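Visitor: Let me give you the structure first, and then I'll get to my questions.
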Amino acid sequence: MTSRIFRSIVTVAAVILFVSLLFIMGVLYGYACDVQTMQLKDELSIAAAGTEKAGLSFLEALDAKNYRITWIQPDGTVKFDTHAQAGQMENHLQREEIQQALGYGSGSAVRKSDTLLQKRMYEAKRLSDGSVLRISASQKTLIVLLVGMLHPVCVVALLAIILSAILAHRVSCKIVEPLNQLDLEHPLENNTYEELSPLLVRIQQQHKEISAQMQALRQKNDELEQITANMQEGLVLLDRNGVVLSINPAARKLFHADNDCVGTTFLRVERKSEMTAAVEAAFRDGLHELKTQRKGRVYQFLFSRITSGEETVGLVILALDITETENAEQNRREFTANVSHELKTPLQAIIGSAELLENGLVKPEDTQRFIGNIRKEATRLVNLIEDVIRLSHLDEGVEMPKEDVDILDIAEEIAESLRLAAEEKKVTIQVSGQHCTVPGVRGLVFEIVQNLCSNAVKYNVEGGRVDVTVTKRGSSVVLTVADTGIGIPRAHQSRVFERFYRVDKSHSRASGGTGLGLSIVKHAAQYHNADIQLESVLGKGTTIRVVFPA
Amino acid sequence: MRNLYQEQLHRLNQELIQMGAACEEIIDLAAQSLTAYSDKLEEKTNQVGAVIDESERTIETICLKLLLRQQPVAGDLRQISAAMKMITDMERIGDQAEDIVDLIPKMSGSAEEGPLQKMASAAQTMVTEAVDAYVKQDLALAKKVMGDDDIVDAYFNQVKSDIIAMIAANPGDGEYALDLLMIAKYFERIGDHCTNIAEWVEFSLTGIREECQ
């Protein structure tokens with residue numbers, strides 16, 4: 001703007017300068033011409049008067065340098081000329097000024113000379129004898145005059161332009177200065193040109209609109225952030241080039257990403273090839289799913305392309321932690337497989353024995369044994385089914401009536417019932433401790449103690465011991481079943497409470513367990529909010545504590 | 001014109017990250033093969049190895065194109081020249097991991113739990129961290145990787161002395177011992193390549209190339 005103002009001022013000044021120069025010169029030139037004409041006329045009349053009186057001798061006596069005098073006879077022949085031989089000159093009768101002088105007594109003419117640079121002025125006067133006296137002088141043309149004046153004019157113009165440039169610079173700066181100092185943050189507080197106020201008012205309005213819109217946008221963004229921040233699931237938004245637009249804290253934790261990953265390529269966040277391939281596939285096909293393990297947990301990643309019309313705008317990645325579901329699914333599958341297998345085994349034995357009996361292949365003395373086998377296997381089957389039913393009851397979480405149960409009483413009762421089996425294995429059972437009651441379901445507490453004790457006997461060594469103690473620790477009651485048995489290897493310790501899980505898969509049937517005992521213990525304990533602690537050293541024995549809260 | 005340039009630089013970065021990810025994958029496969037070798041693992045390793053080789057060629061092409069057509073200067077030039085050096089190291093990591101997996105089935109016994117496993121996981125950590133240092137342009141992490149090489153070297157010495165003891169105790173196991181030593185050496189080399197990568201990361205960030213001791 002400054003330069004524009006500057007340029008206009010300088011241009012205007014230059015144009016005015018030139019126009020006025022030309023105008024003044026034109027006027028001056030005209031004036032000079034007039035003066036010269038007047039002088040010529042005066043000189044002519046003096047010469048005419050002289051010639052009338054003295055004739056040719058007057059003219060010959062004249063020393064004319066600046067002008068030329070010619071005396072022309074009425075027939076046009078030249079009688080005398082100050083600058084040439086009269087005889088050699090042509091007839092002047094047809095010259096304009098001569099004609100005028102012959103006609104009207106005086107005449108004048110201006111003629112360009114051959115070179116254009118000069119022009120000649122002619123004044124003629126008829127003398128009393130009818131001859132004509134003519135005087136002429138050369139005059140410089142306007143162009144010559146201009147060329148001659150070019151030098152001073154240029155100097156003046158240059159000076160004027162420099163001066164005007166300096167002034168113009170000052171002026172333009174002065175004009176623009178308030179504009180430069182406009183405070184656009186607070187447009188209405190400016191005190192400048194009145195002409196700017198509509199603009200400033202408009203700016204003020206737009207300011208308000210923009211800040212309102214920004215506010216709304218921020219609020220929306222905050223809302224989204226709030227919602228996604230509290231999501232358990234990881235959420236990542238990518239634009240169409242795979243640049244991260246937004247990533248919520250859950251996803252950030254999952255990918256170990258820092259805060260400044262927003263705005264960078266997703267590869268910076270996660271570079272595993274399966275993930276890269278999945279993102280590519282989702283961009284291509286629209287939807288993609290990936291199930292993968294990370295740090296021991298199973299995650300399901302859902303990729304979904306976002307399109308607007310025909311165009312792909314971005315991609316949403318949703319990460320779900322499906323470890324629990326996956327485990328539950330796995331357990332259920334295993335349980336079903338195990339149950340069918342466990343149910344089938346005794347049935348096979350029954351069918352086998354029955355078939356032999358049916359076909360009469362059994363010796364009469366063995367019949368009793370075979371029937372006994374069938375009964376034993378059938379009992380096993382019933383036990384198994386009962387265990388399964390018990391477990392499924394516990395699974396369903398059916399509310400059972402609670403009462404005060406004395407654990408020591410139960411432990412003694414069970415020790416009594418196991419005495420026989422224990423004696424067979426030469427294992428001694430010792431019950432000690434104090435009478436403590438816990439609020440619970442009698443049947444379930446019985447199951448806990450029964451299963452723990454029978455395991456302690458079953459997996460004991462000959463001459464081993466089982467110590468059952470009931471003690472009070474603070475407000476909670478602790479049931480401890482310690483044996484000197486074979487122990488559980490460390491690798492299996494975390495899994496023994498799973499259904500049908502067995503440490504030694506080959507010998508389980510011999511010991512007669514269903515593989516559900518500890519699972520029932522776990523569920524029954526859970527029902528009472530009791531905590532189970534397992535300590536076991538291979539070959540030394542196992543100690544299981546059940547801590548009942550008061 | 002410059003837009004295209006930026007795009008190519010971006011693509012170079014992406015390809016490098018992907019190649020780094022492939023390196024992580026291949027050394028993970030090698031470490032897995034060490035404990036639980038299977039044909040499937042070997043097949044997978046060869047696949048990833050092929051991906052790494054292809055990546056190397058792609059990145060080479062991108063780098064040369066960038067150098068020829070865009071005449072990069074300053075930081076960009078450093079990034080591109082560092083990339084060209086880094087891919088060589090990454091490719092070597094891939095090759096060595098493949099060599100490890102090739103060796104394992106020919107061994108007359110499997111590697112038991114011990115310093116070799118620890119060495120494998122230390123080398124694995126180094127690869128991950130070297131790639132991470134590049135991805136996050138993290139100078140501190142790059143320095144850490146350079147220091148971690150000593151850990152791998154220490155494991156190598158430990159494995160070596162274990163093997164010497166083994167041969168002394170049971171000279172019949174010579175072949176097995178040599179295979180173990182080869183594997184340990186490969187892991188040790190992988191550690192060195194990681195150090196190189198970290199040094200190139202440092203160079204691309206600071207312009208200073210660590211003097212080779």
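Just remember, in the structure tokens the first chain shown is A, the second B, etc., residues are 1-based per chain, and ligands are 1-based in the order shown.
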Please provide the set of residues having any atom within 12 Å of A:Ile385, restricted to only C-alpha atoms, with same-chain residues fewer than 5 positions apart removed, written as a short mmCIF file (atom, residue, chain, number, x, y, z; two decimals) with N, CA and C atoms, in the first residue's frame.

Guide:
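Dumped to part.cif:
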data_model
loop_
_atom_site.label_atom_id
_atom_site.label_comp_id
_atom_site.auth_asym_id
_atom_site.auth_seq_id
_atom_site.Cartn_x
_atom_site.Cartn_y
_atom_site.Cartn_z
N VAL A 339 -15.97 -83.82 30.11
CA VAL A 339 -17.15 -84.47 30.68
C VAL A 339 -17.53 -85.66 29.81
N SER A 340 -17.57 -85.45 28.51
CA SER A 340 -17.99 -86.56 27.65
C SER A 340 -17.01 -87.71 27.77
N GLU A 342 -15.01 -88.39 30.34
CA GLU A 342 -15.07 -89.01 31.67
C GLU A 342 -16.33 -89.87 31.82
N LEU A 343 -17.41 -89.41 31.17
CA LEU A 343 -18.65 -90.17 31.28
C LEU A 343 -18.56 -91.45 30.46
N LYS A 344 -17.80 -91.35 29.38
CA LYS A 344 -17.76 -92.47 28.46
C LYS A 344 -16.93 -93.63 29.05
N PRO A 346 -16.34 -94.99 32.20
CA PRO A 346 -17.00 -96.03 32.99
C PRO A 346 -18.05 -96.78 32.19
N ALA A 378 -20.62 -98.05 37.70
CA ALA A 378 -21.87 -97.30 37.72
C ALA A 378 -21.85 -96.29 38.85
N THR A 379 -21.30 -96.69 40.00
CA THR A 379 -21.21 -95.78 41.14
C THR A 379 -20.32 -94.59 40.79
N ARG A 380 -19.22 -94.93 40.13
CA ARG A 380 -18.30 -93.88 39.69
C ARG A 380 -19.01 -92.87 38.80
N ARG A 390 -23.28 -80.68 41.07
CA ARG A 390 -22.89 -79.78 42.15
C ARG A 390 -22.19 -78.54 41.58
N LEU A 391 -21.26 -78.82 40.68
CA LEU A 391 -20.51 -77.72 40.07
C LEU A 391 -21.43 -76.77 39.32
N SER A 392 -22.37 -77.36 38.57
CA SER A 392 -23.22 -76.49 37.77
C SER A 392 -24.15 -75.70 38.67
N THR A 514 -12.41 -87.92 40.22
CA THR A 514 -13.16 -87.50 39.04
C THR A 514 -12.48 -86.31 38.38
N LEU A 516 -12.68 -83.41 39.53
CA LEU A 516 -13.52 -82.24 39.77
C LEU A 516 -13.41 -81.74 41.20
#

Visitor: Please check the contacts: residues of chain A at most 6 Å away from chain B, using only C-alpha atoms, listed as a PyMOL selection string.

Guide: chain A and resi 268+271-272

Visitor: Hey, can you spit out that residue selection with C-alpha atoms as a short mmCIF file (atom, residue, chain, number, x, y, z; two decimals), in the first residue's frame?

Guide:
data_model
loop_
_atom_site.label_atom_id
_atom_site.label_comp_id
_atom_site.auth_asym_id
_atom_site.auth_seq_id
_atom_site.Cartn_x
_atom_site.Cartn_y
_atom_site.Cartn_z
CA ARG A 268 5.29 -45.12 14.49
CA ARG A 271 4.81 -51.56 13.32
CA LYS A 272 4.02 -55.29 13.61
#

Visitor: Counting only C-alpha atoms, which residue out of A:Ile16, A:Val457, A:Leu479, A:Leu444 sits closest to A:Ile161?

Guide: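 Of all the options, A:Ile16 lies closest to A:Ile161.
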
Visitor: What separation in Å, quoted to one decimal, exists between atom CA of A:Arg465 and atom CA of A:Arg499?

Guide: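 Atom CA of A:Arg499 lies 26.6 Å from atom CA of A:Arg465.
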
Visitor: What residues in chain B get the DSSP label alpha helix (DSSP H)? Please answer as a PyMOL selection string.

Guide: chain B and resi 2-35+39-70+74-103+115-135+139-169+174-206

Visitor: Excluding A:Arg545 and any residue of its chain fewer than 5 positions from it, enumerate the residues within 7 Å of it, using only C-alpha atoms, and give them as a VMD selection string.

Guide: chain A and resid 478 to 481 532 to 534

Visitor: Do you know which residues are at most 12 Å from B:Asp76 counting only C-alpha atoms, after dropping those on the same chain fewer than 2 positions away, and could you put them as a list in words?

Guide: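 Using only C-alpha atoms, the neighbours found are Tyr5, Gln6, Gln8, Leu9, His10, Leu12, Asn13, Cys63, Leu66, Leu67, Gln70, Gln71, Pro72, Val73, Ala74, Arg78, Gln79, Ile80, Ser81, Ala82, Ala83, Phe203, Ser204, Leu205, Thr206 and Gly207 of chain B.
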